[in-house]
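Below is the file input.pdb, which contains PDB, C-alpha atoms.
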ATOM      1  CA  MET A  10     -68.385  25.530 150.269
ATOM      2  CA  HIS A  11     -70.063  24.285 147.141
ATOM      3  CA  THR A  12     -66.691  24.177 145.381
ATOM      4  CA  GLU A  13     -65.090  22.149 148.211
ATOM      5  CA  ARG A  14     -67.997  19.674 148.232
ATOM      6  CA  HIS A  15     -67.664  19.244 144.468
ATOM      7  CA  ALA A  16     -63.931  18.597 144.837
ATOM      8  CA  ILE A  17     -64.547  15.983 147.557
ATOM      9  CA  ILE A  18     -67.153  14.206 145.416
ATOM     10  CA  GLN A  19     -64.810  14.276 142.436
ATOM     11  CA  ARG A  20     -61.957  12.768 144.482
ATOM     12  CA  THR A  21     -64.129   9.995 145.911
ATOM     13  CA  THR A  22     -65.362   9.007 142.462
ATOM     14  CA  THR A  23     -61.914   9.004 140.861
ATOM     15  CA  ILE A  24     -60.165   6.989 143.594
ATOM     16  CA  PRO A  25     -62.040   3.721 142.807
ATOM     17  CA  ALA A  26     -61.307   4.209 139.112
ATOM     18  CA  ARG A  27     -57.607   4.670 139.823
ATOM     19  CA  LEU A  28     -57.634   1.690 142.178
ATOM     20  CA  SER A  29     -59.230  -0.397 139.444
ATOM     21  CA  GLU A  30     -56.514   0.677 137.023
ATOM     22  CA  LEU A  31     -53.828  -0.225 139.550
ATOM     23  CA  LEU A  32     -55.401  -3.617 140.192
ATOM     24  CA  ASP A  33     -55.644  -4.286 136.457
ATOM     25  CA  THR A  34     -51.972  -3.378 136.125
ATOM     26  CA  GLU A  35     -51.021  -5.703 138.990
ATOM     27  CA  VAL A  36     -53.029  -8.577 137.516
ATOM     28  CA  ALA A  37     -51.439  -8.032 134.113
ATOM     29  CA  HIS A  38     -48.010  -7.996 135.781
ATOM     30  CA  ASP A  39     -48.739 -11.246 137.641
ATOM     31  CA  LEU A  40     -49.950 -12.936 134.452
ATOM     32  CA  THR A  41     -46.835 -11.762 132.616
ATOM     33  CA  CYS A  42     -44.672 -13.218 135.387
ATOM     34  CA  LEU A  43     -46.513 -16.534 135.098
ATOM     35  CA  MET A  44     -45.933 -16.609 131.349
ATOM     36  CA  ASP A  45     -42.293 -15.672 131.879
ATOM     37  CA  THR A  46     -41.967 -18.753 134.091
ATOM     38  CA  ILE A  47     -42.679 -21.132 131.214
ATOM     39  CA  ILE A  48     -40.431 -19.087 128.905
ATOM     40  CA  ALA A  49     -37.602 -19.310 131.447
ATOM     41  CA  TRP A  50     -38.156 -23.083 131.674
ATOM     42  CA  ALA A  51     -37.840 -23.384 127.896
ATOM     43  CA  VAL A  52     -34.777 -21.132 127.693
ATOM     44  CA  GLY A  53     -33.098 -23.167 130.428
ATOM     45  CA  ILE A  54     -33.610 -26.308 128.354
ATOM     46  CA  MET A  55     -32.226 -24.634 125.231
ATOM     47  CA  MET A  56     -29.202 -23.257 127.087
ATOM     48  CA  THR A  57     -28.408 -26.745 128.393
ATOM     49  CA  TRP A  58     -28.677 -28.341 124.966
ATOM     50  CA  ALA A  59     -26.876 -25.657 122.961
ATOM     51  CA  PRO A  60     -25.071 -22.955 124.965
ATOM     52  CA  PRO A  61     -25.061 -19.846 122.740
ATOM     53  CA  GLY A  62     -22.037 -17.856 121.642
ATOM     54  CA  LYS A  63     -19.860 -20.824 120.660
ATOM     55  CA  SER A  64     -20.344 -21.048 116.890
ATOM     56  CA  PHE A  65     -17.487 -20.136 114.553
ATOM     57  CA  ILE A  66     -19.692 -20.024 111.457
ATOM     58  CA  LYS A  67     -19.495 -16.467 110.141
ATOM     59  CA  ASP A  68     -23.210 -15.673 110.095
ATOM     60  CA  ALA A  69     -23.863 -17.553 113.335
ATOM     61  CA  ILE A  70     -21.357 -15.692 115.508
ATOM     62  CA  GLU A  71     -22.872 -13.874 118.482
ATOM     63  CA  THR A  72     -22.047 -13.227 122.111
ATOM     64  CA  PRO A  73     -23.547 -15.472 124.804
ATOM     65  CA  GLU A  74     -25.681 -12.521 125.920
ATOM     66  CA  GLU A  75     -26.996 -11.927 122.402
ATOM     67  CA  GLY A  76     -27.698 -15.621 122.034
ATOM     68  CA  ARG A  77     -29.581 -15.799 125.309
ATOM     69  CA  ALA A  78     -31.777 -12.863 124.280
ATOM     70  CA  ARG A  79     -32.472 -14.559 120.954
ATOM     71  CA  TYR A  80     -33.299 -17.814 122.754
ATOM     72  CA  HIS A  81     -35.949 -15.932 124.729
ATOM     73  CA  GLU A  82     -37.503 -14.772 121.461
ATOM     74  CA  ILE A  83     -37.441 -18.324 120.098
ATOM     75  CA  ALA A  84     -39.036 -19.728 123.256
ATOM     76  CA  ARG A  85     -41.744 -17.077 123.211
ATOM     77  CA  ALA A  86     -42.608 -17.891 119.585
ATOM     78  CA  ALA A  87     -42.715 -21.626 120.340
ATOM     79  CA  ALA A  88     -44.980 -20.969 123.334
ATOM     80  CA  LYS A  89     -47.422 -18.949 121.235
ATOM     81  CA  VAL A  90     -47.849 -21.975 118.984
ATOM     82  CA  ALA A  91     -47.796 -24.767 121.571
ATOM     83  CA  TYR A  92     -50.267 -22.931 123.810
ATOM     84  CA  ASP A  93     -52.573 -21.709 121.052
ATOM     85  CA  PRO A  94     -56.042 -22.886 122.203
ATOM     86  CA  ALA A  95     -57.063 -23.275 118.557
ATOM     87  CA  LEU A  96     -54.402 -25.952 118.032
ATOM     88  CA  LYS A  97     -54.581 -29.450 119.472
ATOM     89  CA  PRO A  98     -51.391 -30.436 121.332
ATOM     90  CA  LEU A  99     -49.421 -33.495 120.277
ATOM     91  CA  PHE A 100     -49.712 -35.042 123.728
ATOM     92  CA  GLY A 101     -52.469 -35.357 126.305
ATOM     93  CA  GLY A 102     -52.481 -34.718 130.036
ATOM     94  CA  PRO A 103     -52.248 -31.560 132.158
ATOM     95  CA  ARG A 104     -48.884 -30.631 130.612
ATOM     96  CA  GLY A 105     -49.452 -31.904 127.078
ATOM     97  CA  ARG A 106     -48.820 -28.476 125.591
ATOM     98  CA  ALA A 107     -45.553 -28.143 127.498
ATOM     99  CA  GLU A 108     -44.514 -31.530 126.094
ATOM    100  CA  THR A 109     -45.509 -30.326 122.628
ATOM    101  CA  MET A 110     -43.340 -27.245 123.112
ATOM    102  CA  ALA A 111     -40.457 -29.424 124.307
ATOM    103  CA  LEU A 112     -40.699 -31.522 121.143
ATOM    104  CA  LEU A 113     -40.703 -28.403 118.955
ATOM    105  CA  LEU A 114     -37.552 -27.212 120.719
ATOM    106  CA  SER A 115     -35.963 -30.658 120.509
ATOM    107  CA  ILE A 116     -36.553 -30.847 116.762
ATOM    108  CA  ALA A 117     -35.224 -27.302 116.364
ATOM    109  CA  TYR A 118     -32.099 -28.337 118.277
ATOM    110  CA  PHE A 119     -31.407 -31.314 116.026
ATOM    111  CA  GLU A 120     -32.287 -29.471 112.821
ATOM    112  CA  SER A 121     -30.479 -26.202 113.486
ATOM    113  CA  GLY A 122     -28.752 -26.169 116.863
ATOM    114  CA  TYR A 123     -30.597 -22.832 117.291
ATOM    115  CA  ARG A 124     -27.856 -21.283 115.177
ATOM    116  CA  ARG A 125     -28.264 -17.588 114.465
ATOM    117  CA  ASP A 126     -27.753 -17.961 110.708
ATOM    118  CA  VAL A 127     -30.375 -20.712 110.414
ATOM    119  CA  ASP A 128     -32.777 -18.852 112.677
ATOM    120  CA  LEU A 129     -32.544 -15.624 110.680
ATOM    121  CA  GLY A 130     -31.873 -17.120 107.240
ATOM    122  CA  LEU A 131     -28.383 -15.643 106.880
ATOM    123  CA  GLY A 132     -25.765 -17.016 104.485
ATOM    124  CA  LYS A 133     -25.510 -20.144 102.364
ATOM    125  CA  LEU A 134     -25.251 -22.574 105.285
ATOM    126  CA  ALA A 135     -28.615 -21.550 106.706
ATOM    127  CA  ARG A 136     -30.700 -23.683 104.342
ATOM    128  CA  GLY A 137     -29.129 -27.112 104.732
ATOM    129  CA  SER A 138     -29.601 -28.814 101.369
ATOM    130  CA  GLY A 139     -30.651 -25.482  99.891
ATOM    131  CA  LEU A 140     -34.353 -26.260 100.174
ATOM    132  CA  ASP A 141     -34.906 -25.971 103.912
ATOM    133  CA  SER A 142     -35.937 -23.024 106.030
ATOM    134  CA  CYS A 143     -35.870 -21.726 109.597
ATOM    135  CA  LEU A 144     -35.089 -23.448 112.884
ATOM    136  CA  LEU A 145     -37.136 -26.541 112.030
ATOM    137  CA  GLN A 146     -35.612 -26.761 108.529
ATOM    138  CA  VAL A 147     -39.020 -26.960 106.883
ATOM    139  CA  ARG A 148     -38.518 -28.100 103.289
ATOM    140  CA  VAL A 149     -40.048 -25.320 101.221
ATOM    141  CA  GLY A 150     -37.494 -24.652  98.471
ATOM    142  CA  ALA A 151     -38.554 -21.712  96.312
ATOM    143  CA  GLY A 152     -42.216 -22.541  96.884
ATOM    144  CA  LYS A 153     -44.555 -22.175  99.821
ATOM    145  CA  THR A 154     -45.828 -24.259 102.712
ATOM    146  CA  ARG A 155     -49.405 -25.511 102.863
ATOM    147  CA  GLU A 156     -50.176 -22.394 104.848
ATOM    148  CA  GLY A 157     -48.911 -20.273 101.959
ATOM    149  CA  TRP A 158     -45.619 -19.212 103.576
ATOM    150  CA  SER A 159     -42.343 -18.797 101.716
ATOM    151  CA  HIS A 160     -38.781 -19.153 102.984
ATOM    152  CA  GLU A 161     -38.740 -15.426 103.671
ATOM    153  CA  ASP A 162     -41.929 -15.752 105.713
ATOM    154  CA  LEU A 163     -40.530 -18.601 107.814
ATOM    155  CA  VAL A 164     -37.248 -16.901 108.694
ATOM    156  CA  GLY A 165     -38.952 -13.551 109.143
ATOM    157  CA  ASP A 166     -41.500 -14.831 111.652
ATOM    158  CA  ARG A 167     -40.519 -17.613 114.057
ATOM    159  CA  GLU A 168     -44.133 -18.249 114.952
ATOM    160  CA  LYS A 169     -44.845 -19.178 111.321
ATOM    161  CA  CYS A 170     -41.834 -21.496 111.392
ATOM    162  CA  PHE A 171     -43.191 -23.319 114.444
ATOM    163  CA  ARG A 172     -46.743 -23.405 113.079
ATOM    164  CA  ALA A 173     -45.626 -24.900 109.771
ATOM    165  CA  GLY A 174     -43.400 -27.359 111.605
ATOM    166  CA  LEU A 175     -46.131 -28.421 114.010
ATOM    167  CA  ALA A 176     -48.465 -29.136 111.092
ATOM    168  CA  LEU A 177     -45.802 -31.387 109.544
ATOM    169  CA  ILE A 178     -45.194 -33.127 112.869
ATOM    170  CA  LYS A 179     -48.908 -33.845 113.236
ATOM    171  CA  GLY A 180     -48.937 -35.181 109.691
ATOM    172  CA  SER A 181     -46.035 -37.470 110.528
ATOM    173  CA  PHE A 182     -47.707 -38.713 113.711
ATOM    174  CA  GLY A 183     -50.840 -39.467 111.725
ATOM    175  CA  ALA A 184     -49.056 -41.173 108.831
ATOM    176  CA  CYS A 185     -46.943 -43.266 111.208
ATOM    177  CA  ARG A 186     -49.677 -44.025 113.735
ATOM    178  CA  LYS A 187     -49.037 -47.775 113.358
ATOM    179  CA  GLN A 188     -45.408 -47.326 114.385
ATOM    180  CA  GLU A 189     -44.212 -47.336 117.964
ATOM    181  CA  PRO A 190     -44.717 -43.836 119.453
ATOM    182  CA  ARG A 191     -40.988 -43.098 119.367
ATOM    183  CA  ASP A 192     -40.933 -43.740 115.600
ATOM    184  CA  ARG A 193     -43.919 -41.581 114.679
ATOM    185  CA  LEU A 194     -41.712 -38.660 113.721
ATOM    186  CA  SER A 195     -39.946 -40.706 111.037
ATOM    187  CA  ALA A 196     -42.093 -39.323 108.208
ATOM    188  CA  TYR A 197     -40.861 -35.880 109.262
ATOM    189  CA  THR A 198     -37.218 -36.912 109.504
ATOM    190  CA  ARG A 199     -37.050 -39.481 106.690
ATOM    191  CA  GLY A 200     -40.013 -38.781 104.432
ATOM    192  CA  ARG A 201     -41.547 -42.180 105.199
ATOM    193  CA  CYS A 202     -42.566 -44.213 108.224
ATOM    194  CA  VAL A 203     -39.653 -46.287 109.494
ATOM    195  CA  ASP A 204     -39.291 -48.627 112.457
ATOM    196  CA  ASN A 205     -36.396 -48.010 114.839
ATOM    197  CA  ASP A 206     -35.661 -44.641 113.235
ATOM    198  CA  LYS A 207     -32.762 -43.161 115.181
ATOM    199  CA  HIS A 208     -33.591 -39.603 114.120
ATOM    200  CA  SER A 209     -37.188 -39.807 115.309
ATOM    201  CA  ARG A 210     -36.206 -41.517 118.542
ATOM    202  CA  ALA A 211     -33.476 -38.994 119.281
ATOM    203  CA  ARG A 212     -35.825 -36.032 118.917
ATOM    204  CA  ILE A 213     -38.734 -37.539 120.824
ATOM    205  CA  GLY A 214     -36.466 -39.052 123.471
ATOM    206  CA  ARG A 215     -34.749 -35.741 124.181
ATOM    207  CA  ALA A 216     -38.107 -33.977 124.489
ATOM    208  CA  LEU A 217     -39.459 -36.572 126.911
ATOM    209  CA  ASN A 218     -36.410 -36.256 129.168
ATOM    210  CA  VAL A 219     -36.690 -32.539 129.910
ATOM    211  CA  PRO A 220     -37.472 -31.359 133.460
ATOM    212  CA  ARG A 221     -41.174 -31.240 134.252
ATOM    213  CA  ALA A 222     -42.791 -27.960 133.231
ATOM    214  CA  PRO A 223     -43.309 -25.714 136.284
ATOM    215  CA  MET A 224     -46.905 -24.892 135.304
ATOM    216  CA  THR A 225     -49.888 -26.816 134.007
ATOM    217  CA  ASP A 226     -51.292 -25.993 130.588
ATOM    218  CA  ALA A 227     -54.353 -24.427 132.210
ATOM    219  CA  ALA A 228     -52.179 -22.036 134.230
ATOM    220  CA  VAL A 229     -50.154 -21.002 131.189
ATOM    221  CA  LEU A 230     -53.267 -20.457 129.077
ATOM    222  CA  ALA A 231     -54.736 -18.286 131.812
ATOM    223  CA  ALA A 232     -51.554 -16.181 131.796
ATOM    224  CA  MET A 233     -51.716 -15.488 128.074
ATOM    225  CA  PRO A 234     -53.335 -12.109 127.283
ATOM    226  CA  GLY A 235     -56.880 -12.383 125.986
ATOM    227  CA  ARG A 236     -57.047 -16.140 126.340
ATOM    228  CA  ALA A 237     -59.216 -18.121 128.711
ATOM    229  CA  PRO A 238     -58.026 -21.494 130.052
ATOM    230  CA  LEU A 239     -59.309 -24.614 128.349
ATOM    231  CA  PRO A 240     -59.920 -28.011 129.948
ATOM    232  CA  ALA A 241     -56.801 -30.169 129.955
ATOM    233  CA  ALA A 242     -56.619 -32.756 127.194
ATOM    234  CA  PRO A 243     -57.261 -36.332 128.361
ATOM    235  CA  PRO A 244     -54.204 -38.539 128.960
ATOM    236  CA  SER A 245     -53.172 -40.269 125.761
ATOM    237  CA  ALA A 246     -50.302 -41.427 123.612
ATOM    238  CA  PRO A 247     -48.972 -39.077 120.927
ATOM    239  CA  SER A 248     -51.993 -37.903 118.970
ATOM    240  CA  SER A 249     -52.998 -39.413 115.674
ATOM    241  CA  THR A 250     -54.453 -37.105 113.077
ATOM    242  CA  GLY A 251     -56.381 -39.695 111.140
ATOM    243  CA  ALA A 252     -55.689 -40.449 107.501
ATOM    244  CA  ALA A 253     -52.135 -41.007 106.376
ATOM    245  CA  THR A 254     -50.399 -37.900 105.130
ATOM    246  CA  THR A 255     -47.389 -37.476 102.884
ATOM    247  CA  VAL A 256     -44.813 -35.495 104.804
ATOM    248  CA  ALA A 257     -41.669 -33.997 103.334
ATOM    249  CA  PRO A 258     -38.546 -34.894 105.320
ATOM    250  CA  ALA A 259     -36.824 -32.240 107.361
ATOM    251  CA  GLY A 260     -33.666 -30.605 106.127
ATOM    252  CA  THR A 261     -30.044 -31.484 106.655
ATOM    253  CA  ALA A 262     -28.577 -28.572 108.584
ATOM    254  CA  GLY A 263     -29.067 -30.396 111.860
ATOM    255  CA  ASN A 264     -26.640 -31.869 114.357
ATOM    256  CA  ASP A 265     -27.197 -35.480 113.335
ATOM    257  CA  SER A 266     -27.475 -35.087 109.568
TER     258      SER A 266
END
Show this structure as structure tokens.
Amino acid sequence: MHTERHAIIQRTTTIPARLSELLDTEVAHDLTCLMDTIIAWAVGIMMTWAPPGKSFIKDAIETPEEGRARYHEIARAAAKVAYDPALKPLFGGPRGRAETMALLLSIAYFESGYRRDVDLGLGKLARGSGLDSCLLQVRVGAGKTREGWSHEDLVGDREKCFRAGLALIKGSFGACRKQEPRDRLSAYTRGRCVDNDKHSRARIGRALNVPRAPMTDAAVLAAMPGRAPLPAAPPSAPSSTGAATTVAPAGTAGNDS
């Protein structure tokens, strides 16, 4: 009798613990699904702009299925940067981080076309002029970025590529803050602030014309493991980072170079 009572007590104390574990698993699954929603949104944009599996460049050849899987990895890396609570987005509003992510992907499209060789740093054609690295064609040469990252670092870790690129974009927006918003990327694309810069306008214009993100920034932040949602940034024009900054132009492996 004593043994049966002990077994009953043991079962009743372990059931809530197991239920808690199940609930935690379900919550984690739901949050993952929410995050996957924004990744799917980004991949859909990329697939529309540059359907994978069509390149004839030796080191860029891949099947559409392989390309789609790689696009998911690219989108996930871009999301980690755009939705990093420690980083201020380029745009304000409830979806300012989504718009920041769209601009990162737009620049990557123009600079690299998401090509496999550029993404992974394979072959001679991957570095544009020979000085540029990764999807955003960050001009690093044989040196390092301000963050201390080399070419090998940028092509070995997409998140570093997007972080270095975002820092340069913010520098360009700050340096060109007197230009019309559509021209504020010209320091990134041309190395100096230019009015009516077709390269800046093409990249910003494409990013602004994407379908509306399916989730607010707050919802995406809540879905990221270990991160609490932050208040949405106030509505504003593209952010200005203060003092003018010298920004190296992007590389020349892009679609419009």
12 Å contact set for range 213-218 of chain A, all atoms listed in the file, chain neighbours under 4 positions out, as a PDB file with C-alpha atoms, keeping the file's coordinate frame:
ATOM      1  CA  ALA A  51     -37.840 -23.384 127.896  1.00  0.00           C
ATOM      2  CA  ILE A  54     -33.610 -26.308 128.354  1.00  0.00           C
ATOM      3  CA  MET A  55     -32.226 -24.634 125.231  1.00  0.00           C
ATOM      4  CA  THR A  57     -28.408 -26.745 128.393  1.00  0.00           C
ATOM      5  CA  TRP A  58     -28.677 -28.341 124.966  1.00  0.00           C
ATOM      6  CA  LEU A  99     -49.421 -33.495 120.277  1.00  0.00           C
ATOM      7  CA  PHE A 100     -49.712 -35.042 123.728  1.00  0.00           C
ATOM      8  CA  ARG A 104     -48.884 -30.631 130.612  1.00  0.00           C
ATOM      9  CA  GLY A 105     -49.452 -31.904 127.078  1.00  0.00           C
ATOM     10  CA  ALA A 107     -45.553 -28.143 127.498  1.00  0.00           C
ATOM     11  CA  GLU A 108     -44.514 -31.530 126.094  1.00  0.00           C
ATOM     12  CA  THR A 109     -45.509 -30.326 122.628  1.00  0.00           C
ATOM     13  CA  MET A 110     -43.340 -27.245 123.112  1.00  0.00           C
ATOM     14  CA  ALA A 111     -40.457 -29.424 124.307  1.00  0.00           C
ATOM     15  CA  LEU A 112     -40.699 -31.522 121.143  1.00  0.00           C
ATOM     16  CA  LEU A 113     -40.703 -28.403 118.955  1.00  0.00           C
ATOM     17  CA  LEU A 114     -37.552 -27.212 120.719  1.00  0.00           C
ATOM     18  CA  SER A 115     -35.963 -30.658 120.509  1.00  0.00           C
ATOM     19  CA  ILE A 116     -36.553 -30.847 116.762  1.00  0.00           C
ATOM     20  CA  ALA A 117     -35.224 -27.302 116.364  1.00  0.00           C
ATOM     21  CA  TYR A 118     -32.099 -28.337 118.277  1.00  0.00           C
ATOM     22  CA  PHE A 119     -31.407 -31.314 116.026  1.00  0.00           C
ATOM     23  CA  ILE A 178     -45.194 -33.127 112.869  1.00  0.00           C
ATOM     24  CA  PHE A 182     -47.707 -38.713 113.711  1.00  0.00           C
ATOM     25  CA  GLU A 189     -44.212 -47.336 117.964  1.00  0.00           C
ATOM     26  CA  PRO A 190     -44.717 -43.836 119.453  1.00  0.00           C
ATOM     27  CA  ARG A 191     -40.988 -43.098 119.367  1.00  0.00           C
ATOM     28  CA  ASP A 192     -40.933 -43.740 115.600  1.00  0.00           C
ATOM     29  CA  ARG A 193     -43.919 -41.581 114.679  1.00  0.00           C
ATOM     30  CA  LEU A 194     -41.712 -38.660 113.721  1.00  0.00           C
ATOM     31  CA  SER A 195     -39.946 -40.706 111.037  1.00  0.00           C
ATOM     32  CA  TYR A 197     -40.861 -35.880 109.262  1.00  0.00           C
ATOM     33  CA  THR A 198     -37.218 -36.912 109.504  1.00  0.00           C
ATOM     34  CA  ASP A 206     -35.661 -44.641 113.235  1.00  0.00           C
ATOM     35  CA  LYS A 207     -32.762 -43.161 115.181  1.00  0.00           C
ATOM     36  CA  HIS A 208     -33.591 -39.603 114.120  1.00  0.00           C
ATOM     37  CA  SER A 209     -37.188 -39.807 115.309  1.00  0.00           C
ATOM     38  CA  ALA A 222     -42.791 -27.960 133.231  1.00  0.00           C
ATOM     39  CA  PRO A 247     -48.972 -39.077 120.927  1.00  0.00           C
TER      40      PRO A 247
END
query: Quick one: which residues end up in the PyMOL selection byres ((chain A and resi 173) around 8) for this structure, as a PyMOL selection string?
result: chain A and resi 147+154-156+169-172+174-177
Selection dump of the PyMOL selection byres ((chain A and resi 63) around 12), as a PyMOL selection string: chain A and resi 56+59-62+64-67+69-77+122-125
field: Residues in the PyMOL selection byres ((chain A and resi 41-49) around 12), expressed as an NGL selection string
entry: :A and (34-40 or 50-56 or 77-78 or 80-89 or 91-92 or 104 or 106-108 or 110-111 or 114 or 220-234)
Could you work out an axis-aligned box for range 109-125 of chain A, taking every atom the file lists and adding 5 Å on each side, and report centre and edge lengths in Å to one decimal, as JSON?
{"center_x": -36.7, "center_y": -24.6, "center_z": 118.6, "size_x": 27.7, "size_y": 23.9, "size_z": 21.5}
task: Extract, using only C-alpha atoms, all DNA, RNA and protein residues at most 6 Å from range 162-168 of chain A, discarding same-chain residues fewer than 6 positions from it, and format them as an MDAnalysis selection string.
output: chainID A and resid 86 129:130 143
field: Interatomic distance (Å, one decimal) between CA of Asp68 in chain A and CA of Gly150 in chain A
entry: 20.5 Å
- request: Give the answer as one residue: which of A:Asn205, A:Ser159, A:Gln188, A:Ser181 has the shortest atom-to-atom distance to Leu140 in chain A, using all atoms listed in the file?
  value: A:Ser159
- request: Rounded to one decimal place, report the CA of Arg212 in chain A-CA of Val90 in chain A distance in Å.
  value: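 So the two atoms, CA of Arg212 in chain A and CA of Val90 in chain A, lie 18.5 Å apart.
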query: Of the residues A:Glu161, A:Asp204, A:Glu120, A:Asp93, which is the one nearest to Ser138 in chain A, using only C-alpha atoms?
result: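 Answer, going by the shortest atom-to-atom distance: A:Glu120.
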task: Pick out the closest residue to Ala196 in chain A from this set: A:Gly152, A:Lys133, A:Lys179, A:Ala211. Count all atoms listed in the file.
output: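 Using all atoms listed in the file, the shortest distance to Ala196 in chain A belongs to A:Lys179.
Taking CA of Leu145 in chain A and CA of Ser121 in chain A as endpoints, the distance between them is 6.8 Å.
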